[in-house]
$ cat start.cif   # mmCIF, C-alpha atoms; chains and numbers go by the auth columns
data_upload
loop_
_atom_site.group_PDB
_atom_site.id
_atom_site.type_symbol
_atom_site.label_atom_id
_atom_site.label_comp_id
_atom_site.label_asym_id
_atom_site.label_seq_id
_atom_site.Cartn_x
_atom_site.Cartn_y
_atom_site.Cartn_z
_atom_site.B_iso_or_equiv
_atom_site.auth_seq_id
_atom_site.auth_asym_id
ATOM 1 C CA MET A 1 59.019 71.362 35.592 0.00 1 A
ATOM 2 C CA LYS A 2 59.389 72.695 39.110 0.00 2 A
ATOM 3 C CA ASP A 3 56.517 72.686 41.611 0.00 3 A
ATOM 4 C CA ARG A 4 56.277 76.472 41.495 0.00 4 A
ATOM 5 C CA ASP A 5 55.696 76.290 37.721 0.00 5 A
ATOM 6 C CA LYS A 6 52.682 74.024 38.025 0.00 6 A
ATOM 7 C CA ALA A 7 49.189 75.487 37.819 0.00 7 A
ATOM 8 C CA PRO A 8 47.474 75.723 41.203 0.00 8 A
ATOM 9 C CA HIS A 9 45.095 72.865 41.977 0.00 9 A
ATOM 10 C CA ARG A 10 41.493 73.912 41.556 0.00 10 A
ATOM 11 C CA ALA A 11 38.507 72.090 42.990 0.00 11 A
ATOM 12 C CA ALA A 12 36.257 70.702 40.300 0.00 12 A
ATOM 13 C CA GLU A 13 33.264 72.828 39.408 0.00 13 A
ATOM 14 C CA PRO A 14 30.052 71.388 40.827 0.00 14 A
ATOM 15 C CA ARG A 15 27.938 69.328 38.447 0.00 15 A
ATOM 16 C CA THR A 16 24.443 70.714 37.878 0.00 16 A
ATOM 17 C CA GLN A 17 21.271 68.854 38.716 0.00 17 A
ATOM 18 C CA TYR A 18 17.628 69.937 38.628 0.00 18 A
ATOM 19 C CA ALA A 19 15.058 69.221 41.324 0.00 19 A
ATOM 20 C CA ALA A 20 11.381 69.715 41.984 0.00 20 A
ATOM 21 C CA LEU A 21 10.128 70.904 45.362 0.00 21 A
ATOM 22 C CA PRO A 22 6.687 69.245 45.401 0.00 22 A
ATOM 23 C CA PHE A 23 4.144 71.109 47.508 0.00 23 A
ATOM 24 C CA ARG A 24 0.433 71.412 48.173 0.00 24 A
ATOM 25 C CA LEU A 25 -1.481 74.102 49.996 0.00 25 A
ATOM 26 C CA THR A 26 -4.481 72.019 51.069 0.00 26 A
ATOM 27 C CA PRO A 27 -5.421 70.570 53.436 0.00 27 A
ATOM 28 C CA GLN A 28 -2.329 72.317 54.851 0.00 28 A
ATOM 29 C CA ARG A 29 0.951 73.635 53.496 0.00 29 A
ATOM 30 C CA GLU A 30 3.032 70.525 52.877 0.00 30 A
ATOM 31 C CA VAL A 31 6.081 69.348 50.962 0.00 31 A
ATOM 32 C CA MET A 32 6.490 65.856 49.563 0.00 32 A
ATOM 33 C CA LEU A 33 9.824 64.194 50.194 0.00 33 A
ATOM 34 C CA VAL A 34 11.037 60.943 48.655 0.00 34 A
ATOM 35 C CA SER A 35 13.519 58.451 50.014 0.00 35 A
ATOM 36 C CA SER A 36 16.836 58.133 48.230 0.00 36 A
ATOM 37 C CA ARG A 37 17.450 54.719 46.703 0.00 37 A
ATOM 38 C CA GLU A 38 20.811 54.033 48.327 0.00 38 A
ATOM 39 C CA THR A 39 20.756 55.629 51.796 0.00 39 A
ATOM 40 C CA LYS A 40 16.976 55.968 52.281 0.00 40 A
ATOM 41 C CA ARG A 41 17.415 59.550 53.515 0.00 41 A
ATOM 42 C CA TRP A 42 14.681 62.093 52.762 0.00 42 A
ATOM 43 C CA VAL A 43 15.346 64.132 49.603 0.00 43 A
ATOM 44 C CA ILE A 44 13.441 65.941 46.874 0.00 44 A
ATOM 45 C CA PRO A 45 13.158 64.472 43.351 0.00 45 A
ATOM 46 C CA LYS A 46 16.229 65.465 41.349 0.00 46 A
ATOM 47 C CA GLY A 47 18.437 64.370 38.503 0.00 47 A
ATOM 48 C CA TRP A 48 20.872 65.311 35.770 0.00 48 A
ATOM 49 C CA PRO A 49 20.057 67.670 32.885 0.00 49 A
ATOM 50 C CA MET A 50 18.133 66.043 30.044 0.00 50 A
ATOM 51 C CA LYS A 51 19.021 66.727 26.433 0.00 51 A
ATOM 52 C CA GLY A 52 16.284 68.732 24.740 0.00 52 A
ATOM 53 C CA ARG A 53 14.514 69.657 28.005 0.00 53 A
ATOM 54 C CA LYS A 54 14.578 72.951 29.802 0.00 54 A
ATOM 55 C CA PRO A 55 15.702 72.795 33.451 0.00 55 A
ATOM 56 C CA HIS A 56 12.186 73.127 34.910 0.00 56 A
ATOM 57 C CA ALA A 57 10.899 70.406 32.555 0.00 57 A
ATOM 58 C CA ALA A 58 13.730 68.071 33.603 0.00 58 A
ATOM 59 C CA ALA A 59 12.829 68.702 37.261 0.00 59 A
ATOM 60 C CA ALA A 60 9.162 67.903 36.535 0.00 60 A
ATOM 61 C CA GLN A 61 10.209 64.696 34.764 0.00 61 A
ATOM 62 C CA GLU A 62 12.264 63.630 37.793 0.00 62 A
ATOM 63 C CA ALA A 63 9.237 64.258 40.042 0.00 63 A
ATOM 64 C CA LEU A 64 7.133 62.031 37.803 0.00 64 A
ATOM 65 C CA GLU A 65 9.738 59.229 37.683 0.00 65 A
ATOM 66 C CA GLU A 66 10.675 59.284 41.385 0.00 66 A
ATOM 67 C CA ALA A 67 7.350 60.159 43.033 0.00 67 A
ATOM 68 C CA GLY A 68 4.658 59.748 40.374 0.00 68 A
ATOM 69 C CA ILE A 69 3.538 63.335 40.803 0.00 69 A
ATOM 70 C CA VAL A 70 2.273 65.809 38.242 0.00 70 A
ATOM 71 C CA GLY A 71 1.261 69.440 38.540 0.00 71 A
ATOM 72 C CA LYS A 72 2.345 72.984 37.753 0.00 72 A
ATOM 73 C CA ILE A 73 6.069 73.693 37.908 0.00 73 A
ATOM 74 C CA GLU A 74 7.561 77.174 38.024 0.00 74 A
ATOM 75 C CA LYS A 75 9.900 78.120 35.197 0.00 75 A
ATOM 76 C CA ALA A 76 12.261 80.002 37.516 0.00 76 A
ATOM 77 C CA PRO A 77 14.164 78.207 40.293 0.00 77 A
ATOM 78 C CA LEU A 78 13.434 79.029 43.927 0.00 78 A
ATOM 79 C CA GLY A 79 17.172 78.756 44.577 0.00 79 A
ATOM 80 C CA SER A 80 19.844 76.097 44.717 0.00 80 A
ATOM 81 C CA TYR A 81 21.727 73.946 47.196 0.00 81 A
ATOM 82 C CA HIS A 82 24.887 71.839 47.179 0.00 82 A
ATOM 83 C CA TYR A 83 25.509 68.249 48.209 0.00 83 A
ATOM 84 C CA VAL A 84 28.027 65.500 47.555 0.00 84 A
ATOM 85 C CA LYS A 85 26.596 62.660 45.480 0.00 85 A
ATOM 86 C CA GLN A 86 28.110 59.344 46.510 0.00 86 A
ATOM 87 C CA MET A 87 28.865 57.175 43.513 0.00 87 A
ATOM 88 C CA ARG A 88 28.803 53.368 43.587 0.00 88 A
ATOM 89 C CA ASN A 89 32.613 53.286 43.340 0.00 89 A
ATOM 90 C CA GLY A 90 32.849 55.321 46.552 0.00 90 A
ATOM 91 C CA ALA A 91 33.795 58.594 44.878 0.00 91 A
ATOM 92 C CA GLY A 92 31.920 61.758 45.747 0.00 92 A
ATOM 93 C CA ILE A 93 30.808 64.357 43.212 0.00 93 A
ATOM 94 C CA LEU A 94 29.947 67.894 44.307 0.00 94 A
ATOM 95 C CA CYS A 95 26.577 68.884 42.820 0.00 95 A
ATOM 96 C CA ARG A 96 24.692 72.163 42.657 0.00 96 A
ATOM 97 C CA VAL A 97 20.949 71.534 42.503 0.00 97 A
ATOM 98 C CA ASP A 98 18.607 74.169 41.066 0.00 98 A
ATOM 99 C CA VAL A 99 15.194 73.757 42.728 0.00 99 A
ATOM 100 C CA PHE A 100 11.873 74.459 40.991 0.00 100 A
ATOM 101 C CA PRO A 101 8.627 74.612 43.025 0.00 101 A
ATOM 102 C CA LEU A 102 6.038 72.110 41.757 0.00 102 A
ATOM 103 C CA GLU A 103 2.437 72.529 42.888 0.00 103 A
ATOM 104 C CA VAL A 104 1.219 68.940 42.926 0.00 104 A
ATOM 105 C CA GLN A 105 -2.161 68.248 41.390 0.00 105 A
ATOM 106 C CA ARG A 106 -2.127 64.464 41.689 0.00 106 A
ATOM 107 C CA GLN A 107 -0.022 61.375 42.236 0.00 107 A
ATOM 108 C CA ARG A 108 -0.320 58.580 39.710 0.00 108 A
ATOM 109 C CA LYS A 109 -1.030 55.038 40.853 0.00 109 A
ATOM 110 C CA LYS A 110 2.019 53.704 38.983 0.00 110 A
ATOM 111 C CA TRP A 111 5.377 55.310 38.178 0.00 111 A
ATOM 112 C CA PRO A 112 8.870 54.070 37.243 0.00 112 A
ATOM 113 C CA GLU A 113 10.543 54.159 40.694 0.00 113 A
ATOM 114 C CA ARG A 114 7.492 53.277 42.820 0.00 114 A
ATOM 115 C CA GLU A 115 9.059 50.084 44.162 0.00 115 A
ATOM 116 C CA GLU A 116 12.404 51.785 44.908 0.00 116 A
ATOM 117 C CA ARG A 117 11.313 54.800 46.958 0.00 117 A
ATOM 118 C CA ILE A 118 8.928 55.930 49.663 0.00 118 A
ATOM 119 C CA THR A 119 6.963 59.161 49.229 0.00 119 A
ATOM 120 C CA ARG A 120 5.580 61.135 52.160 0.00 120 A
ATOM 121 C CA TRP A 121 3.907 64.489 52.725 0.00 121 A
ATOM 122 C CA PHE A 122 5.445 66.609 55.502 0.00 122 A
ATOM 123 C CA PRO A 123 4.330 69.912 57.013 0.00 123 A
ATOM 124 C CA ILE A 124 6.858 72.349 55.527 0.00 124 A
ATOM 125 C CA ASP A 125 8.720 72.990 58.800 0.00 125 A
ATOM 126 C CA GLN A 126 9.030 69.225 59.403 0.00 126 A
ATOM 127 C CA ALA A 127 10.266 68.712 55.822 0.00 127 A
ATOM 128 C CA ALA A 128 13.080 71.170 56.511 0.00 128 A
ATOM 129 C CA GLU A 129 14.020 69.162 59.611 0.00 129 A
ATOM 130 C CA ALA A 130 13.843 65.808 57.777 0.00 130 A
ATOM 131 C CA VAL A 131 16.405 66.562 55.058 0.00 131 A
ATOM 132 C CA ARG A 132 20.128 66.196 55.800 0.00 132 A
ATOM 133 C CA GLU A 133 21.454 68.899 53.495 0.00 133 A
ATOM 134 C CA PRO A 134 21.563 72.202 55.458 0.00 134 A
ATOM 135 C CA GLU A 135 21.249 74.351 52.321 0.00 135 A
ATOM 136 C CA LEU A 136 18.160 72.394 51.218 0.00 136 A
ATOM 137 C CA ALA A 137 16.611 72.825 54.668 0.00 137 A
ATOM 138 C CA LYS A 138 17.244 76.574 54.416 0.00 138 A
ATOM 139 C CA LEU A 139 15.661 76.630 50.949 0.00 139 A
ATOM 140 C CA ILE A 140 12.569 74.798 52.220 0.00 140 A
ATOM 141 C CA ARG A 141 12.256 77.277 55.102 0.00 141 A
ATOM 142 C CA ALA A 142 12.572 80.190 52.640 0.00 142 A
ATOM 143 C CA PHE A 143 9.800 78.584 50.617 0.00 143 A
ATOM 144 C CA ILE A 144 7.519 78.836 53.662 0.00 144 A
ATOM 145 C CA ASP A 145 8.036 82.607 53.574 0.00 145 A
ATOM 146 C CA LYS A 146 7.412 82.734 49.827 0.00 146 A
ATOM 147 C CA ILE A 147 4.049 80.965 49.960 0.00 147 A
ATOM 148 C CA SER A 148 3.025 82.657 53.197 0.00 148 A
ATOM 149 C CA GLY A 149 3.479 86.115 51.695 0.00 149 A
ATOM 150 C CA GLU A 150 1.244 87.992 49.327 0.00 150 A
ATOM 151 C CA PRO A 151 -0.253 85.695 46.713 0.00 151 A
ATOM 152 C CA ASP A 152 1.306 86.215 43.335 0.00 152 A
ATOM 153 C CA GLU A 153 0.925 84.428 40.037 0.00 153 A
ATOM 154 C CA PRO A 154 4.144 82.485 39.399 0.00 154 A
ATOM 155 C CA ALA A 155 5.235 81.754 35.863 0.00 155 A
ATOM 156 C CA ALA A 156 4.215 78.104 35.781 0.00 156 A
ATOM 157 C CA VAL A 157 3.744 75.440 33.173 0.00 157 A
ATOM 158 C CA GLN A 158 1.430 72.454 33.269 0.00 158 A
ATOM 159 C CA VAL A 159 3.087 69.022 33.271 0.00 159 A
ATOM 160 C CA ALA A 160 1.294 65.766 32.626 0.00 160 A
#
$ encode --input "start.cif" --output "structure tokens"
Amino acid sequence: MKDRDKAPHRAAEPRTQYAALPFRLTPQREVMLVSSRETKRWVIPKGWPMKGRKPHAAAAQEALEEAGIVGKIEKAPLGSYHYVKQMRNGAGILCRVDVFPLEVQRQRKKWPEREERITRWFPIDQAAEAVREPELAKLIRAFIDKISGEPDEPAAVQVA
């Protein structure tokens, strides 16, 4: 087969992940970030799809496992961002992360990844500055506009 007969090389489709954007409105408008396990950079809780769980429920589960937080998560994503996940073998995987706002009601005293991560509340503008992914920073800034606008009743579900 000649080179011209070969199919053009296509970049792999991004793998999908689901994330929670944990926030609280009191005492001020803040977002909780968690440290990543490997690089210790500030991120939001995220993970791979879970069999039998809807995307927003998978995002809520990740928030519980990574940050010990529970609350009301919206059923519709705020948006999405892309990043390259570094694997232990050095390979990078392009991921598209759908982000679901999670209004935090409480943080448990114990959770699965408590010893592996740091959790911290940031004023929303500082949270946008703390993350390394430009698209995530933009999403966090857009979230400021969303919660600063007219109050509306989001379609949310309670998670325990």
$ residues_around --input "start.cif" --residues "Glu129 in chain A" --least-positions-apart "2" --cutoff "12 Å" --atoms "only C-alpha atoms" --output "PyMOL selection string"
chain A and resi 31+33+41-43+122-127+131-141
$ atom_distance --input "start.cif" --atom1 "CA of Ala130 in chain A" --atom2 "CA of Arg114 in chain A"
20.5 Å
$ atom_distance --input "start.cif" --atom1 "CA of Trp48 in chain A" --atom2 "CA of Val97 in chain A"
9.2 Å
$ resolve_selection --input "start.cif" --expression "the PyMOL selection byres ((chain A and resi 35-38) around 10)" --output "MDAnalysis selection string"
chainID A and resid 33:34 39:45 66:67 86:88 113 115:120 131
$ atom_distance --input "start.cif" --atom1 "CA of Glu62 in chain A" --atom2 "CA of Gly47 in chain A"
6.3 Å
$ resolve_selection --input "start.cif" --expression "the PyMOL selection byres ((chain A and resi 52-59) around 12)" --output "compact mmCIF listing (two decimals) with C-alpha atoms, in the coordinates of the input"
# COMPACT_ATOMS: atom_id res chain seq x y z
CA THR A 16 24.44 70.71 37.88
CA GLN A 17 21.27 68.85 38.72
CA TYR A 18 17.63 69.94 38.63
CA ALA A 19 15.06 69.22 41.32
CA ALA A 20 11.38 69.72 41.98
CA LEU A 21 10.13 70.90 45.36
CA PRO A 22 6.69 69.24 45.40
CA ILE A 44 13.44 65.94 46.87
CA PRO A 45 13.16 64.47 43.35
CA LYS A 46 16.23 65.46 41.35
CA GLY A 47 18.44 64.37 38.50
CA TRP A 48 20.87 65.31 35.77
CA PRO A 49 20.06 67.67 32.88
CA MET A 50 18.13 66.04 30.04
CA LYS A 51 19.02 66.73 26.43
CA ALA A 60 9.16 67.90 36.53
CA GLN A 61 10.21 64.70 34.76
CA GLU A 62 12.26 63.63 37.79
CA ALA A 63 9.24 64.26 40.04
CA LEU A 64 7.13 62.03 37.80
CA GLU A 65 9.74 59.23 37.68
CA GLU A 66 10.68 59.28 41.38
CA ALA A 67 7.35 60.16 43.03
CA ILE A 69 3.54 63.34 40.80
CA VAL A 70 2.27 65.81 38.24
CA GLY A 71 1.26 69.44 38.54
CA LYS A 72 2.35 72.98 37.75
CA ILE A 73 6.07 73.69 37.91
CA GLU A 74 7.56 77.17 38.02
CA LYS A 75 9.90 78.12 35.20
CA ALA A 76 12.26 80.00 37.52
CA PRO A 77 14.16 78.21 40.29
CA LEU A 78 13.43 79.03 43.93
CA VAL A 97 20.95 71.53 42.50
CA ASP A 98 18.61 74.17 41.07
CA VAL A 99 15.19 73.76 42.73
CA PHE A 100 11.87 74.46 40.99
CA PRO A 101 8.63 74.61 43.02
CA LEU A 102 6.04 72.11 41.76
CA ALA A 155 5.24 81.75 35.86
CA ALA A 156 4.22 78.10 35.78
CA VAL A 157 3.74 75.44 33.17
CA GLN A 158 1.43 72.45 33.27
CA VAL A 159 3.09 69.02 33.27
CA ALA A 160 1.29 65.77 32.63
$ axis_aligned_box --input "start.cif" --around "range 96-115 of chain A" --padding-each-side "6 Å" --output "lines of an AutoDock Vina configuration file"
center_x = 11.3
center_y = 62.3
center_z = 40.7
size_x = 38.9
size_y = 36.5
size_z = 18.9
